[in-house]
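To keep things clear, I will list the structure first and then write my remarks on it.
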Amino acid sequence: MRPIPSIDRCTTCSTCVTACPVTRVTRRFNGPKLTGPSSQRFRLLNRVEIEALDYCSNCKNCDIACPGAVQISTLNMLARAEQCRRHRPPFRDWVLAHGRFLGRLVSWIPQALLRFGMTNPLSRLVLDWLGVDRRAPMPVFAAKSFMRLFAGLAQRPSSRKVVLFPGCYINDYDPQTGLDVVWLLNRAGYEVIVPVSECCGVPLVANGFFDEARKNAETVVKALEAHAAAGIPVVAACTSCSLMLRQEYGELFAGLKGTETLAPQVRDAGEFLAECLERGELPLPEHVAADAFIYHEPCHLRAQGIGRPGLGLLRRCGVRVSEAGADCCGISGSYGFKKGKYDVGAAIGAPLFASVHEAVSKGAAAAVSECGTCRLQIAHHTGARVRHPLSVLREILDR
Amino acid sequence: MKFLSELARTGWDVIVIGGGCTGTGILRDLAMRGFKALLLEQGDLAHGSSSRFHGLLHSGGRYAVFDPAAARECIEENMILRRIGAHCVEVTEGLFVRTREDDEVFEEKWVAACGACGIRAEPLTRARALELEPNLAPDLASAYIVPDSAVDGFRLVWQNAFSARRHGGEFRTRACVSDIGVAQGRVTGVVACDTDTAETAFIPASFVVNATGSWVGRIAQMAGLSVHVQPDRGALVAFNHRFTGRVVNRLHKPGDGDIFVPHGSITILGTSSLKTEDPADSRVTTEEVLHLLDTGRPLFPQIDSYRILRVFAGTRPLYMASDGEGGRNASRNFVVLDHEEEGLSGIASVCGGKFTTYRLMAERMVDLVCARLGRKAACTTASEPLVPEIPEELRRRASVFFPAQGLETAASRLCDGLEGAVARMELEPWKKSLVCECEVVTFGEFEQMAAEPSSRTLNDIRRRTRLGMGTCQGTFCGMRAIGRLAEAGMPAGDTSMLLRDFQEERWHGFRPVLWGGELRELELARNVYGATLNIDGADFDREDDCA
Amino acid sequence: MIVPDSADILVVGGGFSGLMAAVFAAREGRRVRVLSRGQGALAVGGGTIDLLGYVPGRAAAVRAPFSAMEALGADHPYRLAGIPMVRQALDGFLQMCLAAGYPYEMEGGAEAPRNRRLLTSIGAMKPSCAVPSSMSMQGAEAAEEVLVVGIEGLKDFFPRLAVPGIARYLKGNVIPVLLRCPEKLAPMLEVGGKSVPSRDVSTLDVANMLEERDGRAWFVDRLRRHPAFARLRGKRGMILLPPVLGTKPLPDVQKALTEALGCPVFELVAPPPGVTGLRLRALLMAELRRLGVDLVMNAFVVRPEYTPGRSGAMHVAAVQVESGGRLRRCEASAFIMATGGIYGDGIEVTPSAVRDRVFGEAAPVSSALKPVDAGWSEPAAYPDFAAGYSHAFARLGTRVGADFRPVTENGLVTLENVFYAGRALGGHDPAAEKSGNGVALVSAFACAVHACRVCPAGSAPQQ
């Protein structure tokens with residue numbers, strides 16, 4: 001029996017069910033309470049697993065809402081791992097889980113063909129056969145990865161160092177955001193080190209490739225441990241990455257050496273820059289003439305319990321940012337790409353998309369959010385421009 | 001349920017008094033050997049010790065050193081029950097674990113004794129033991145695997161009863177025996193009284209079997225006999241989740257709180273041993289609970305963080321031949337007393353013993369009945385499964401509504417009622433909805449069990465389905481169950497009383513353990529029933545205009 | 001709120017009392033931050049302001065809460081706050097809801113409120129004070145024909161369970177109606193050619209359905225066609241539903257159905273999921289955003305950092321918070337502890353100890369008894385409150401003085417800038433009194449007032 005989070009704190013109050021975005025939009029899913037702690041009591045009997053377990057998107061809204069701090073989504077992910085050990089997940093899930101692999105393969109393809117790559121009808125047919133929804137917002141691979149671009153940067157050396165963990169989304173699809181964060185960190189007087197460009201492992205976990213996710217985590221922790229031990233902060237600009245590194249590694253992979261050293265050093269990029277501000281390292285203007293924006297809080301940021309530092313930084317400069325106040329955008333990483341889940345994702349995000357439409361019609365220049373796939377989902381469903389709040393901040397400071 | 005007067009007119013070979021594992025085991029054996037037999041039980045089936053023990057089917061390891069005869073019986077019967085009781089026995093295997101506090105010398109004696117009794121006790125390394133059961137104390141001294149199993153007492157009893165019925169036997173609950181008819185040195189029958197309606201009838205029979213466990217002495221007295229059975233109370237603690245996949249016994253001289261048994265979705269820790277005069281003694285004090293936790297903690301150091309779901313107690317019937325030693329050191333062997341030897345024919349009592357050996361006890365008793373009634377018939381209870389195989393077609397129909405694990409669980413609970421439950425769901429698919437979410441009980445099952453004649457109260461249905469026996473202890477399912485009964489036409493006054501009674505009955509089980517997670521659960525329940533629904537103010541519909 | 005680790009007032013706990021305290025304090029211009037682990041009991045409870053339904057020792061339900069308050073013990077939060085504060089708290093709450101477009105109704109107004117009878121899904125009556133208009137039961141006394149409507153498959157609401165009790169309180173004919181399940185909530189789904197069971201239907205599912213126009217159209221059509229509906233023709237009718245009139249804090253769904261059915265439609269009180277509580281939470285979240293309060297979810301306060309205070313009391317400079325895999329410091333001038341008592345893990349109970357989890361002995365819990373003591377609980381689960389009985393564990397909580405700061409038995413303040421609100425407070429039993437949200441609201445207001453006094457007026461909140 002592997003150690004699992006305790007289910008004793010569940011009082012069956014059903015608060016998690018009321019907070020679950022998937023439950024709100026589909027009756028195929030039994031809801032977090034039944035799927036998580038209730039089923040867990042029977043899993044311990046080694047019974048057969050629930051079919052609709054893969055409807056859990058690991059958004060963590062259940063954990064956040066639970067008055068008893070039951071780690072419901074962790075229970076679901078561990079159950080999913082067991083399920084996938086017994087029944088191999090489809091190839092599609094493998095592809096979506098191994099974005100890095102795809103990324104590396106694609107990095108050899110010349111740019112001209114690349115643009116041709118993911119969105120042409122033939123590719124779409126292949127993706128459809130794989131099980132990716134035809135309408136899914138496949139991101140476009142960047143011409144040059146973040147790692148390549150970063151390698152070409154000249155930074156002013158500094159005794160104050162910070163590690164940046166870019167994560168696959170930024171590395172493969174959105175390197176500019178990574179560069180914006182590097183610029184801000186430089187501005188705060190830090191020299192940025194990027195020791196590793198591995199995936200943090202969250203799509204591996206979500207798709208059930210648990211043992212692989214663990215090995216992946218070992219690689220990441222090993223690469224970062226020495227820096228963390230030396231007191232160097234490890235910063236991530238993608239909220240799923242920061243959540244994985246600081247919390248999920250410890251919850252999912254019991255006994256993984258080095259996580260206790262790494263976790264306390266991990267920061268969300270906005271969180272770190274807010275600390276820089278507090279230390280006087282990053283002076284900000286008080287009132288800037290800027291566009292208005294609408295902010296969407298990623299679920300995985302809310303799960304970190306650190307508030308919304310990115311939003312706070314923008315407001316501190318006097319930028320007008322309204323909040324969408326929505327629970328989840330619906331894409332949940334690789335979840336919303338899949339056939340059978342795309343519609344679930346679209347339904348979940350509908351209130352958010354409506355808020356964005358409204359804000360844009362009232363003059364907002366763009367939506368802002370710290371999570372790469374959230375940005376993709378919002379842009380796909382609203383047509384609005386969507387940026388990382390730190391990219392907006394860079395723009396303000398770089399005038 | 002049949003009227004007692006109707007039963008009185010039937011003409012029975014044998015009346016079995018007592019509806020626990022022994023009584024229903026005897027009923028089954030009688031029916032299989034062709035006797036016309038009726039069982040009378042004062043409460044619900046398994047009312048006594050059969051629902052109030054830790055659910056352990058002993059490998060015999062516990063008795064190997066001090067009671068080898070009992071140990072041998074246990075291991076043989078254990079193997080038989082695994083075969084015939086696929087739907088109530090869980091083959092969990094067991095561990096005997098010696099902690100640092102326990103005597104090394106005893107371990108050697110124990111290993112030898114197990115060998116002598118034919119109980120396989122395979123040694124494990126500490127690492128392996130912890131791999132199997134990670135919650136065990138990391139500094140355990142030694143461990144062995146033995147063939148313990150876990151059994152659901154309710155299910156076994158009901159499955160025996162239904163098996164008996166299939167062979168022509170009959171059982172009647174809520175029938176209390178108040179007197180035994182005697183004429184010219186022979187027992188003629190029993191006076192039975194319905195505990196709800198007070199209907200009374202004399203039911204004649206050629207033979208009466210007294211299989212009433214802790215009540216054996218009291219029943220015997222009605223016939224003017226003296227049988228000394230000392231009820232001995234044992235308290236048990238049920239934890240909310242299953243933190244061990246195997247039975248875990250402490251490897252020491254048998255004492256309190258030294259057995260942990262996985263039981264479906266929960267874990268049970270037991271037990272204690274206190275003399276009592278009342279066979280129905282089911283008290284548990286907080287002090288006893290803390291004592292049990294103290295004795296269990298060396299095996300599972302995290303025990304204080306495990307939420308206690310409820311506590312319960314029952315009496316074990318210890319037979320005292322004549323001023324013999326009581327308590328743990330009394331023989332756990334059983335005896336079949338043929339009272340003809342005392343001058344009264346037509347009656348026999350079965351005393352002592354344990355759950356694990358019920359089938360053997362029944363066999364011996366029915367052998368005696370055969371001899372006294374002049375019938376030659378061999379016992380076949382060890383070869384026929386308690387529950388017949390679920391037909392493929394029914395399995396297919398049921399799997400539409402139940403996921404794989406739910407089907408096995410439902411089949412075990414419902415016995416012959418599975419078909420009826422499935423039919424209800426096919427007719428009205430909304431009945432696949434769960435009335436009890438904690439223990440996964442559908443409305444279809446609930447209604448099927450509610451429709452059984454023996455189901456007079458919500459608690460009867462609870463015992464058949466496990467409704468209300470999970471994490472929320474009836475907080476949510478109680479309302480749904482009563483609501484459904486109301487919708488089906490149960491009279492109004494009854495429903496509000498039923499709901500309140502159900503909550504009060506559940507209360508008794510967790511009142512002694514109101515701390516930690518259980519107290520949190522109770523806060524929720526009180527806020528739903530008290531604050532939101534005002535169940536306790538229901539009578540207070542007068543309003544005071546001044547205040 | 002950019003400087004991440006400091007605020008004027010830090011509220012610990014994001015349930016009803018915590019969020020209300022944040023609202024009240026933010027309205028006074030303070031920078032307020034709320035740290036919460038979980039949503040508290042808002043998704044469980046009924047979203048009604050039960051002020052005071054029963055007093056210990058009296059069988060009759062309370063009609064005029066203010067007069068009844070005089071019969072409460074001196075350590076009851078209402079007595080500590082005083083009637084003027086109770087009045088202000090109620091007033092503030094009602095104004096907030098009105099401004100948000102989701103008015104609550106209270107008979108007699110904040111000046112001299114009177115309880116109203118709410119009817120519950122088990123047919124019991126419950127006294128409550130301020131309720132959303134969807135639960136006001138306006139005109140119930142005069143209704144001649146009352147339909148209690150459920151939906152097949154909605155397993156937490158059975159009309160025939162509610163009807164007998166409701167009929168005791170209403171003069172008109174009370175008729176149960178069960179509608180067949182709509183396609184949208186069907187028990188079985190077609191998935192890949194197979195028929196599989198769908199998720200069970202809850203009041204939240206029905207509420208979501210009625211938010212949509214076609215959901216309402218189905219409902220109106222079905223109900224109109226039901227034979228019982230004909231009884232309403234030409235009579236003063238009323239339709240009672242479980243709490244399913246939408247999920248948003250707006251009276252729109254109630255209005256739409258009332259119009260379409262031509263007859264008043266109201267909601268009964270029912271067990272969780274607390275749809276009406278969720279509406280209240282949504283209203284509060286919008287209000288917090290409007291006031292610029294920083295609500296941080298998934299943050300767990302573990303221990304305080306003290307500096308010496310005046311006259312023997314400790315001063316709390318900051319609290320340490322477990323979030324994001326590490327401990328952070330949050331400074332504030334004042335702290336409002338709205339931790340939810342036992343349920344919210346503000347108070348820890350082991351067999352032989354009862355203590356405040358964060359402050360330990362510095363925030364004494366008024367409980368002479370422990371679980372090992374006789375008297376910790378009563379023999380009956382729901383003891384005779386009319387005779388004055390209630391469980392010891394139900395009445396325990398942090399002992400506070402008139403300004404809601406924790407005090408010793410002798411009345412000495414132990415923590416000079418910490419204030420307690422809600423279920424964490426001792427001296428009351430909300431389940432027996434029917435006073436849960438009332439105490440939460442009043443104590444939240446009182447804490448905000450007193451906390452603002454020790455905390456200098458900060459800059460205006462962001463946006």
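Quick note on naming: the chains in the structure tokens go A, B, ... in the order shown, residues restart at 1 in each chain, and ligands are numbered from 1 in order of appearance.
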- List the neighbours of Arg28 (chain A) out to 7 Å using only C-alpha atoms; skip same-chain residues closer than 5 positions along the sequence, and give me the result as a VMD selection string. (chain A and resid 52) or (chain C and resid 198 to 199)
- Message: With 7 Å as the limit and counting only C-alpha atoms, what residues in chain C lie close to chain B? Please list them as a ChimeraX atom specification.
- Response: /C:45-46,59-65,67-68,120,124-126,153,155-156,158,160-161,164,187,195-197,200,269-271,342-343,349-351,371-372,380-382,430-432,434
- Mind listing as a ChimeraX atom specification which residues of chain C are within 6 Å of chain A, counting only C-alpha atoms? /C:1-2,38-40,43,198-199,296-299,323-326
- Message: Excluding region 344-360 of chain B and its own-chain neighbours fewer than 6 positions away, which residues fall within 8 Å of it when counting only C-alpha atoms? Please give them as a VMD selection string.
- Response: chain B and resid 21 to 22 25 to 26 50 56 to 58 73 to 74 77 to 78 185 to 188 206 to 211 213 216 220 229 317 to 319 332 to 338 372 381 to 382
Generate a file of the selected residues that holds N, CA and C atoms, formatted as a short mmCIF file (atom, residue, chain, number, x, y, z; two decimals), in the first residue's frame.
data_model
loop_
_atom_site.label_atom_id
_atom_site.label_comp_id
_atom_site.auth_asym_id
_atom_site.auth_seq_id
_atom_site.Cartn_x
_atom_site.Cartn_y
_atom_site.Cartn_z
N CYS B 21 -25.08 -16.30 14.21
CA CYS B 21 -24.41 -17.20 13.26
C CYS B 21 -24.71 -18.66 13.61
N THR B 22 -24.72 -18.97 14.92
CA THR B 22 -24.97 -20.36 15.31
C THR B 22 -26.39 -20.77 14.95
N GLY B 25 -26.89 -20.93 11.26
CA GLY B 25 -26.11 -22.07 10.76
C GLY B 25 -26.84 -23.37 11.01
N ILE B 26 -27.44 -23.47 12.18
CA ILE B 26 -28.21 -24.67 12.52
C ILE B 26 -29.44 -24.77 11.63
N SER B 50 -23.11 -11.81 17.06
CA SER B 50 -22.70 -11.98 15.66
C SER B 50 -22.52 -10.68 14.91
N LEU B 56 -13.35 -11.11 12.71
CA LEU B 56 -12.17 -11.90 12.38
C LEU B 56 -12.52 -13.37 12.25
N LEU B 57 -12.07 -13.97 11.15
CA LEU B 57 -12.12 -15.43 11.02
C LEU B 57 -10.73 -15.93 11.40
N HIS B 58 -10.66 -16.46 12.56
CA HIS B 58 -9.34 -16.81 13.11
C HIS B 58 -8.61 -17.86 12.31
N GLU B 73 -9.57 -26.30 15.49
CA GLU B 73 -10.91 -26.14 14.93
C GLU B 73 -10.97 -24.89 14.07
N CYS B 74 -10.35 -23.82 14.58
CA CYS B 74 -10.40 -22.55 13.85
C CYS B 74 -9.80 -22.67 12.46
N GLU B 77 -12.09 -24.71 10.10
CA GLU B 77 -13.32 -24.01 9.73
C GLU B 77 -13.03 -22.77 8.87
N ASN B 78 -11.94 -22.10 9.17
CA ASN B 78 -11.52 -20.95 8.39
C ASN B 78 -11.44 -21.32 6.91
N GLY B 185 -41.97 -34.56 30.96
CA GLY B 185 -40.53 -34.69 30.75
C GLY B 185 -40.10 -34.46 29.32
N ARG B 186 -40.98 -33.81 28.54
CA ARG B 186 -40.63 -33.58 27.15
C ARG B 186 -40.99 -32.14 26.78
N VAL B 187 -40.16 -31.53 25.99
CA VAL B 187 -40.46 -30.16 25.51
C VAL B 187 -41.46 -30.27 24.37
N THR B 188 -42.49 -29.42 24.41
CA THR B 188 -43.55 -29.51 23.41
C THR B 188 -43.54 -28.36 22.40
N SER B 206 -41.24 -30.69 17.58
CA SER B 206 -40.74 -31.93 18.16
C SER B 206 -39.43 -31.70 18.91
N PHE B 207 -38.70 -30.67 18.51
CA PHE B 207 -37.42 -30.43 19.15
C PHE B 207 -37.15 -28.94 19.20
N VAL B 208 -36.51 -28.51 20.29
CA VAL B 208 -36.16 -27.09 20.41
C VAL B 208 -34.65 -26.97 20.58
N VAL B 209 -34.06 -26.15 19.76
CA VAL B 209 -32.61 -25.90 19.87
C VAL B 209 -32.40 -24.52 20.49
N ASN B 210 -31.63 -24.48 21.52
CA ASN B 210 -31.33 -23.22 22.21
C ASN B 210 -29.96 -22.74 21.73
N ALA B 211 -29.99 -21.80 20.78
CA ALA B 211 -28.72 -21.31 20.19
C ALA B 211 -28.65 -19.81 20.41
N GLY B 213 -26.66 -17.93 22.34
CA GLY B 213 -25.42 -17.26 22.71
C GLY B 213 -25.42 -16.81 24.16
N VAL B 216 -28.24 -18.01 26.43
CA VAL B 216 -28.51 -19.45 26.58
C VAL B 216 -29.02 -19.78 27.98
N ALA B 220 -32.64 -21.42 28.82
CA ALA B 220 -32.63 -22.72 29.47
C ALA B 220 -33.49 -22.70 30.74
N VAL B 229 -23.87 -19.75 31.54
CA VAL B 229 -23.13 -19.00 30.51
C VAL B 229 -22.87 -17.60 31.05
N PRO B 317 -20.36 -15.21 24.73
CA PRO B 317 -20.92 -16.16 25.72
C PRO B 317 -19.85 -17.14 26.18
N LEU B 318 -19.45 -17.03 27.43
CA LEU B 318 -18.44 -17.96 27.93
C LEU B 318 -19.12 -19.05 28.74
N TYR B 319 -18.89 -20.26 28.31
CA TYR B 319 -19.55 -21.36 29.00
C TYR B 319 -18.71 -21.78 30.19
N ARG B 332 -12.41 -21.49 24.86
CA ARG B 332 -13.24 -20.95 23.80
C ARG B 332 -13.82 -22.09 22.99
N ASN B 333 -13.68 -23.28 23.47
CA ASN B 333 -14.33 -24.40 22.82
C ASN B 333 -15.81 -24.32 23.05
N PHE B 334 -16.54 -25.15 22.28
CA PHE B 334 -17.98 -25.10 22.46
C PHE B 334 -18.47 -26.45 23.00
N VAL B 335 -19.65 -26.44 23.51
CA VAL B 335 -20.27 -27.69 23.92
C VAL B 335 -21.70 -27.74 23.41
N VAL B 336 -22.13 -28.96 23.08
CA VAL B 336 -23.54 -29.17 22.76
C VAL B 336 -24.12 -29.96 23.93
N LEU B 337 -25.07 -29.35 24.60
CA LEU B 337 -25.65 -29.97 25.79
C LEU B 337 -26.97 -30.64 25.44
N ASP B 338 -26.99 -31.97 25.56
CA ASP B 338 -28.23 -32.71 25.33
C ASP B 338 -28.95 -32.81 26.66
N ARG B 372 -31.75 -37.80 17.85
CA ARG B 372 -32.93 -37.77 18.72
C ARG B 372 -34.21 -37.93 17.93
N THR B 381 -23.15 -28.88 4.78
CA THR B 381 -23.02 -27.42 4.81
C THR B 381 -21.63 -26.95 4.41
N ALA B 382 -20.64 -27.84 4.52
CA ALA B 382 -19.28 -27.40 4.18
C ALA B 382 -19.03 -27.38 2.68
#
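Going from CA of Gly18 (chain C) over to CA of Glu433 (chain C), you cover 21.0 Å.
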Would you write out, as JSON lines, a table of all residues in chain B that have an atom no more than 10 Å from an atom of chain A, listing for each the closest atom pair and the distance in Å to one decimal, considering only C-alpha atoms and ordering rows by chain and rising residue number?
{"residue": "B:Glu90", "atom": "CA", "partner": "A:Leu45", "partner_atom": "CA", "distance": 9.7}
{"residue": "B:Thr92", "atom": "CA", "partner": "A:Leu45", "partner_atom": "CA", "distance": 9.8}
{"residue": "B:Leu130", "atom": "CA", "partner": "A:Met1", "partner_atom": "CA", "distance": 9.4}
{"residue": "B:Glu131", "atom": "CA", "partner": "A:Met1", "partner_atom": "CA", "distance": 7.3}
{"residue": "B:Leu132", "atom": "CA", "partner": "A:Met1", "partner_atom": "CA", "distance": 6.6}
{"residue": "B:Glu133", "atom": "CA", "partner": "A:Met1", "partner_atom": "CA", "distance": 6.5}
{"residue": "B:Pro134", "atom": "CA", "partner": "A:Met1", "partner_atom": "CA", "distance": 6.6}
{"residue": "B:Asn135", "atom": "CA", "partner": "A:Pro3", "partner_atom": "CA", "distance": 8.4}
{"residue": "B:Phe239", "atom": "CA", "partner": "A:Asp8", "partner_atom": "CA", "distance": 9.1}
{"residue": "B:Asn240", "atom": "CA", "partner": "A:Asp8", "partner_atom": "CA", "distance": 6.5}
{"residue": "B:His241", "atom": "CA", "partner": "A:Arg41", "partner_atom": "CA", "distance": 6.0}
{"residue": "B:Arg242", "atom": "CA", "partner": "A:Leu44", "partner_atom": "CA", "distance": 6.4}
{"residue": "B:Phe243", "atom": "CA", "partner": "A:Leu44", "partner_atom": "CA", "distance": 8.1}
{"residue": "B:Thr244", "atom": "CA", "partner": "A:Met1", "partner_atom": "CA", "distance": 8.6}
{"residue": "B:Gly245", "atom": "CA", "partner": "A:Leu45", "partner_atom": "CA", "distance": 7.4}
{"residue": "B:Pro262", "atom": "CA", "partner": "A:Leu45", "partner_atom": "CA", "distance": 9.0}
{"residue": "B:His263", "atom": "CA", "partner": "A:Leu45", "partner_atom": "CA", "distance": 9.1}
{"residue": "B:Gly264", "atom": "CA", "partner": "A:Leu45", "partner_atom": "CA", "distance": 6.8}
{"residue": "B:Ser265", "atom": "CA", "partner": "A:Arg41", "partner_atom": "CA", "distance": 5.1}
{"residue": "B:Ile266", "atom": "CA", "partner": "A:Arg41", "partner_atom": "CA", "distance": 7.5}
{"residue": "B:Ser305", "atom": "CA", "partner": "A:Asp8", "partner_atom": "CA", "distance": 8.7}
{"residue": "B:Tyr306", "atom": "CA", "partner": "A:Asp8", "partner_atom": "CA", "distance": 6.8}
{"residue": "B:Arg307", "atom": "CA", "partner": "A:Asp8", "partner_atom": "CA", "distance": 5.6}
{"residue": "B:Ile308", "atom": "CA", "partner": "A:Asp8", "partner_atom": "CA", "distance": 8.8}
{"residue": "B:Leu309", "atom": "CA", "partner": "A:Asp8", "partner_atom": "CA", "distance": 9.4}
{"residue": "B:Pro403", "atom": "CA", "partner": "A:Ile50", "partner_atom": "CA", "distance": 7.1}
{"residue": "B:Ala404", "atom": "CA", "partner": "A:Val48", "partner_atom": "CA", "distance": 6.2}
{"residue": "B:Gln405", "atom": "CA", "partner": "A:Arg47", "partner_atom": "CA", "distance": 5.4}
{"residue": "B:Gly406", "atom": "CA", "partner": "A:Arg47", "partner_atom": "CA", "distance": 8.7}
{"residue": "B:Glu408", "atom": "CA", "partner": "A:Arg47", "partner_atom": "CA", "distance": 9.6}
{"residue": "B:Thr409", "atom": "CA", "partner": "A:Arg47", "partner_atom": "CA", "distance": 9.9}
{"residue": "B:Glu437", "atom": "CA", "partner": "A:Leu34", "partner_atom": "CA", "distance": 7.3}
{"residue": "B:Cys438", "atom": "CA", "partner": "A:Ser38", "partner_atom": "CA", "distance": 5.9}
{"residue": "B:Glu439", "atom": "CA", "partner": "A:Ser38", "partner_atom": "CA", "distance": 8.1}
{"residue": "B:Val440", "atom": "CA", "partner": "A:Ser38", "partner_atom": "CA", "distance": 8.8}
{"residue": "B:Gly470", "atom": "CA", "partner": "A:Ser38", "partner_atom": "CA", "distance": 9.4}
{"residue": "B:Thr471", "atom": "CA", "partner": "A:Thr11", "partner_atom": "CA", "distance": 6.9}
{"residue": "B:Cys472", "atom": "CA", "partner": "A:Thr11", "partner_atom": "CA", "distance": 6.3}
{"residue": "B:Gln473", "atom": "CA", "partner": "A:Thr11", "partner_atom": "CA", "distance": 9.9}
{"residue": "B:Thr475", "atom": "CA", "partner": "A:Thr12", "partner_atom": "CA", "distance": 9.3}
{"residue": "B:Phe476", "atom": "CA", "partner": "A:Thr12", "partner_atom": "CA", "distance": 8.8}
{"residue": "B:Gly516", "atom": "CA", "partner": "A:Arg9", "partner_atom": "CA", "distance": 9.2}
{"residue": "B:Gly517", "atom": "CA", "partner": "A:Arg9", "partner_atom": "CA", "distance": 6.0}
{"residue": "B:Glu518", "atom": "CA", "partner": "A:Thr11", "partner_atom": "CA", "distance": 8.6}
{"residue": "B:Arg520", "atom": "CA", "partner": "A:Thr11", "partner_atom": "CA", "distance": 7.4}
{"residue": "B:Glu521", "atom": "CA", "partner": "A:Thr11", "partner_atom": "CA", "distance": 5.3}
{"residue": "B:Leu522", "atom": "CA", "partner": "A:Thr11", "partner_atom": "CA", "distance": 8.8}
{"residue": "B:Glu523", "atom": "CA", "partner": "A:Thr11", "partner_atom": "CA", "distance": 9.6}
{"residue": "B:Leu524", "atom": "CA", "partner": "A:Thr11", "partner_atom": "CA", "distance": 7.5}
{"residue": "B:Ala525", "atom": "CA", "partner": "A:Thr11", "partner_atom": "CA", "distance": 9.2}
{"residue": "B:Val528", "atom": "CA", "partner": "A:Cys13", "partner_atom": "CA", "distance": 9.8}
- Would you please give, as a PyMOL selection string, all residues of region 19-133 of chain C that DSSP assigns to strand (DSSP E or B) based on the backbone? chain C and resi 32-36+49+61-62+104-107+114+116-120+125-128+130-132
- Task: Find the residues around region 256-259 of chain B up to 8 Å (only C-alpha atoms counted), leave out those fewer than 4 positions away in its own chain, and share them as a VMD selection string.
- Result: chain B and resid 247 to 250 269 to 273 291 to 293 295 to 296
- In region 22-184 of chain A, what's helix (DSSP H, G or I) per DSSP? Answer as an NGL selection string? :A and (22-25 or 32-43 or 51-55 or 61-65 or 72-86 or 91-97 or 99-106 or 111-117 or 121-130 or 146-151 or 167-173 or 175-184)
- Excluding Phe502 (chain B) and residues on its chain fewer than 4 positions from it, collect all residues at most 8 Å away from it, counting only C-alpha atoms, and give them as an MDAnalysis selection string. chainID B and resid 458:459 474 478 498 506
Using the selection just defined, write its residues with N, CA and C atoms as a compact mmCIF listing (two decimals), in the first residue's frame.
# COMPACT_ATOMS: atom_id res chain seq x y z
N LEU B 458 -35.88 1.58 10.08
CA LEU B 458 -34.78 2.02 9.23
C LEU B 458 -33.50 1.31 9.63
N ASN B 459 -33.36 0.98 10.90
CA ASN B 459 -32.17 0.27 11.34
C ASN B 459 -32.09 -1.14 10.77
N GLY B 474 -24.96 8.47 8.73
CA GLY B 474 -26.39 8.66 8.57
C GLY B 474 -26.87 10.08 8.45
N GLY B 478 -29.90 9.36 6.05
CA GLY B 478 -31.09 9.20 6.89
C GLY B 478 -32.26 9.97 6.31
N LEU B 498 -39.17 8.54 12.85
CA LEU B 498 -38.14 7.66 12.30
C LEU B 498 -36.83 8.40 12.12
N ARG B 506 -27.71 6.40 15.94
CA ARG B 506 -26.34 6.60 15.46
C ARG B 506 -25.53 7.30 16.54
